[in-house]
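Enquirer: Okay, handing you the structure first.
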Amino acid sequence: MESPPSTKKIGQGGGSSESGGSESGAEEKGCSRTRFEYFGWVYHLGTNSIGREFCHLRFLYIRGKYVMMYKRDPHENPGIDLYVLRFYNRLDEEKKGEIACATAGETRKWMEAFDQAKQQAEFELSQSSTRHRLNMENEIDLEGRRPRVRRYAHDLKKLIRIGHGPESLVRRSSNLGRHQGSNEFMEGDAADVIEAHEWRCVRTINGVRLFEDVSDNKSRSKTVLVKAVGVVDASPDTVFEVVLNVDRHRRYEWDALTGDLELVDSLSGHSDVVYGSYDFKCLTRWQSKCDFIFSRQWFRGQDGTYTILQFPAMHKKHPPKSRHQRIKINPSSWEIRNLRASVGSHGDRCLVTHMLEIESRGWFKWKCGQGSKFENSIPYALLNQVSGLKAYIGASPGLTSESSTTLVASKGSDVSGSISEFEDAEVAEEFYDAIAADSSSSSSSDDEDDENTQLDSKGQRVKLKNVSWAIARLALTAKKAMDGSHELDPNVEPVNLDSSLFHGSMHKGKSESDANCWTSPSGAGFKIRGKTYMKDSTKVAGGDPLLKLIAVDWYKLETSRSKVALHPKSLVQSEAGKKLPFILVVNLQVPAKPNYSLVMYYAADRPVTKGSLLGKFIDGNDAFRDSRFKLIPSIVQGYWMVKRAVGTKACLLGKAVTCNYLRQDNFLEIDVDIGSSSVARSVIGIVLGYVTSLVVDLAILIEGREEKELPEYILGTVRLNKVKLDTAVPLEG
């Protein structure tokens with residue numbers, strides 16, 4: 001296709017070339033007028049950017065009042081959805097580029113390959129003897145040097161942005177993703193700490209369990225949170241692609257409600273707007289045709305879990321139609337989580353959860369067997385999508401065979417042992433790390449505990465993607481992590497951290513009812529790695545934070561700002577701040593209009609012990625810091641869709657967003673650029689929309705990866721209680 005199918009309206013005097021074209025007619029929906037179509041091969045004449053004339057054979061397609069031009073016949077080469085991977089040079093962010101893959105699985109493999117190359121580069125850069133050689137090596141020219149290459153790249157970028165293109169351009173299988181170690185294998189326990197909900201199974205329909213949240217039954221709310229949970233015999237990549245695909249013929253196979261979908265707008269690489277219509281007679285014979293618009297946002301977590309958020313929306317391209325009832329589809333979320341293969345099975349499995357909020361009246365009558373009207377409702381049709389998805393994929397073995405997920409352990413390289421210090425030893429961490437206020441009764445999957453290892457035809461050790469892990473879910477709240485006091489020098493008398501001496505622009509809350517304030521909760525609400533984690537993956541409840549949160553600043557800025565600790569008004573530069581043994585400054589840079597910075601100051605009452613894990617982190621290099629600095633979020637109170645967007649999983653911030661570090665005097669500042677990730681920007685945008693009603697807990701820690709670094713300890717915590725954006729103060733100078 002030459003440029004995307006760019007559409008132009010034909011005015012008077014327009015026409016088509018006659019080069020052996022074909023004519024056809026199609027009846028417009030809702031009217032008797034026939035839509036004119038004419039298509040065929042023509043020669044496209046023109047002048048390029050340097051003044052040279054060209055003549056290219058192209059396929060011209062006139063459809064009604066629109067004209068489109070392609071390199072290939074679209075009837076023989078239908079378009080496909082592409083998955084975009086953007087990358088840039090961290091030392092020079094002007095050098096950036098994009099590639100696209102035909103499947104989410106291929107995209108994931110390329111991400112893993114780029115990450116492996118990044119880790120090797122970080123290791124070699126840490127060796128002074130290789131710095132000069134690396135600087136002399138050629139770089140990838142992301143824009144291209146030759147005019148023909150540059151023009152092709154420009155066209156491809158337009159192709160990527162629209163999200164469709166010829167399959168032959170991208171459907172090329174790659175084996176790079178196979179050169180990964182066993183630390184990439186995923187764990188499968190995800191059940192008992194999702195959020196502060198208590199789930200009870202109400203019914204099982206076609207192998208799919210239906211749950212309701214009973215944690216707030218006493219409140220007699222007009223709505224209830226429900227979800228459908230089912231195990232699908234396919235990889236998360238495959239299921240994710242099926243759910244996102246708007247192809248009508250494919251959706252007709254499993255989706256009884258939103259089968260007729262049309263892509264209205266692609267907002268970014270991870271969100272879009274779709275329009276759909278359906279005949280309400282399929283639910284009840286008294287209703288007319290209905291249509292709807294909803295937006296979708298999706299992202300993939302560091303553990304490989306896909307999350308899709310669906311919200312009702314409006315769009316100028318599709319105003320309400322006559323003879324159609326415009327309805328709002330219930331806000332809902334999909335979670336597609338990897339499971340390990342069952343005993344004797346070598347196939348992929350994943351746990352699919354579809355959650356939505358519905359009116360409680362019809363739901364309660366239906367679950368008690370007092371009526372069947374709920375079965376003719378939209379919420380019931382949405383819940384049944386999991387059943388349809390499970391049956392469709394089970395009956396389509398070709399779907400799973402296209403995206404093989406078998407990984408081969410790579411042979412030891414010259415740098416494999418040396419760069420282990422910088423590698424993410426467990427990117428695919430599958431346990432939730434925030435403990436819910438209420439327990440979940442039965443949303444967990446029944447997973448086994450074996451490890452399948454085979455030999456391939458060449459005698460190499462082959463491990464399935466879902467293998468090599470252990471379950472540890474018992475007695476988590478009974479055990480407590482150590483407080484990490486050995487990280488601070490025991491031979492020095494602790495100083496008094498008098499909170500009255502330190503002040504930030506956001507005030508400290510005095511009670512739980514206070515709003516627009518901060519407090520510092522204990523670490524008991526977070527799960528961290530226990531002493532025996534390397535053997536059995538046991539996690540324990542966190543203890544009291546090692547560092548004390550002494551102040552929080554809430555700034556608004558025209559442009560994001562780093563190195564706030566050097567500002568004359570910073571707490572670090574005050575007389576009281578200079579007397580502290582050590583201060584950790586965490587600057588969360590929030591992209592918005594205007595930009596915001598949430599700056600937290602954590603103080604130690606004694607000097608940090610040299611050679612300790614914290615000491616290595618403070619005085620280590622940026623690669624080590626990126627691979628160890630971890631944050632655990634938890635939405636304690638707020639809208640359930642925001643909870644789904646944020647999640648409760650630990651995140652290695654240096655792997656997810658750009659982190660910059662400033663080590664001087666008695667402090668270390670960590671500037672977390674949330675805007676450096678399009679996914680993080682999307683999530684923070686959702687959070688800011690509800691921030692005045694949210695209570696958010698955050699915990700920071702340094703990841704332990706060796707027995708001597710375990711158990712982990714909570715470095716610091718903060719609770720942000722219903723923050724108001726307009727109370728942020730400007731940071732001048």
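Following the order of the structure tokens, first chain is A, next is B, and so on, with residues numbered from 1 inside each chain and ligands from 1 in the order they appear.
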Could you go through segment 195-344 of chain A and tell me which residues DSSP, when run on the backbone, assigns to strand (DSSP E or B), listing them as an MDAnalysis selection string?
Expert: chainID A and resid 199:205 208:213 223:232 261:268 271:279 289:300 306:312 325:326 332:339
Enquirer: Nearest to His197 of chain A among A:Cys55, A:Ile635, A:Met314, A:Leu720, with distances taken over only C-alpha atoms: which residue is it?
Expert: A:Ile635
Enquirer: Can you tell me, as JSON, numbers by chain, what residues are no more than 9 Å from segment 293-307 of chain A when counting only C-alpha atoms, ignoring any on the same chain fewer than 3 positions away?
Expert: {"A": [108, 184, 186, 187, 236, 237, 240, 244, 264, 270, 271, 272, 273, 274, 275, 276, 277, 310, 311, 312, 313, 314, 315, 318, 326, 327, 328, 329, 331, 333, 334, 335, 336, 337, 338, 426, 427, 428, 429, 430, 431, 644, 645, 649, 650, 651, 652, 655, 656, 679, 682]}
Enquirer: Quick one: residues within 8 Å of Arg248 of chain A, only C-alpha atoms counted, chain neighbours fewer than 4 positions away excluded, as a list in words?
Expert: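 After dropping sequence-adjacent residues, the list is Tyr252, Gly259, Asp260 and Leu261 of chain A.
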Enquirer: Which residues are close to segment 384-393 of chain A, i.e. within 9 Å by only C-alpha atoms, leaving aside same-chain residues fewer than 3 positions away? Reply as a PyMOL selection string.
Expert: chain A and resi 205-208+228-234+238-239+242-243+253-257+352-354+379-381+396-400
Enquirer: Export C-alpha atoms of the chosen residues as a tab-separated table (two decimals), in the first residue's frame?
Expert:
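What ended up in out_2.tsv:
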```tsv
chain	number	residue	atom	x	y	z
A	205	ILE	CA	-21.81	-21.48	32.95
A	206	ASN	CA	-20.07	-23.37	30.15
A	207	GLY	CA	-16.93	-23.78	32.22
A	208	VAL	CA	-16.76	-20.08	33.12
A	228	ALA	CA	-16.51	-13.76	34.54
A	229	VAL	CA	-13.39	-15.90	34.93
A	230	GLY	CA	-12.33	-18.70	32.61
A	231	VAL	CA	-9.23	-20.64	31.62
A	232	VAL	CA	-8.43	-20.44	27.89
A	233	ASP	CA	-6.05	-22.88	26.22
A	234	ALA	CA	-3.93	-20.30	24.44
A	238	THR	CA	-3.20	-14.96	21.23
A	239	VAL	CA	-6.16	-14.08	23.45
A	242	VAL	CA	-8.52	-11.98	19.44
A	243	VAL	CA	-10.15	-9.59	21.93
A	253	GLU	CA	-17.41	-16.57	15.93
A	254	TRP	CA	-17.43	-15.67	19.64
A	255	ASP	CA	-19.00	-12.28	20.40
A	256	ALA	CA	-22.81	-12.18	20.40
A	257	LEU	CA	-23.02	-8.49	21.37
A	352	VAL	CA	-9.14	-14.50	31.33
A	353	THR	CA	-11.14	-12.17	33.59
A	354	HIS	CA	-13.84	-9.82	32.33
A	379	PRO	CA	-24.38	-7.06	31.04
A	380	TYR	CA	-25.18	-10.75	30.71
A	381	ALA	CA	-24.09	-10.72	27.07
A	396	SER	CA	-9.56	-22.97	16.34
A	397	PRO	CA	-6.22	-24.76	16.79
A	398	GLY	CA	-4.74	-22.61	14.03
A	399	LEU	CA	-4.85	-19.59	16.32
A	400	THR	CA	-2.60	-21.13	18.94
```
Enquirer: Residues at most 12 Å from Phe374 of chain A, counting only C-alpha atoms, excluding those fewer than 3 positions away in the same chain, as a PyMOL selection string?
Expert: chain A and resi 283-284+358-371+377-383
Enquirer: Could you give me, as a ChimeraX atom specification, the residues within 8 Å of Ser560 of chain A, counting only C-alpha atoms and dropping anything in the same chain fewer than 3 positions from it?
Expert: /A:557,589-591,595-597
Enquirer: Export N, CA and C atoms of the chosen residues as a compact mmCIF listing (two decimals), in the first residue's frame?
Expert:
```txt
# COMPACT_ATOMS: atom_id res chain seq x y z
N LEU A 557 4.48 22.92 37.27
CA LEU A 557 5.54 23.50 36.47
C LEU A 557 5.11 23.55 35.01
N GLN A 589 7.62 12.77 38.36
CA GLN A 589 7.28 13.81 37.40
C GLN A 589 6.03 13.40 36.64
N VAL A 590 4.93 14.11 36.87
CA VAL A 590 3.62 13.76 36.34
C VAL A 590 3.33 14.59 35.09
N PRO A 591 3.19 13.96 33.91
CA PRO A 591 2.90 14.72 32.69
C PRO A 591 1.44 15.15 32.64
N ASN A 595 2.44 20.58 34.08
CA ASN A 595 3.11 19.40 34.64
C ASN A 595 3.13 19.51 36.16
N TYR A 596 3.21 18.35 36.80
CA TYR A 596 3.28 18.31 38.26
C TYR A 596 4.49 17.50 38.68
N SER A 597 4.94 17.77 39.90
CA SER A 597 5.99 16.97 40.52
C SER A 597 5.59 16.67 41.96
```
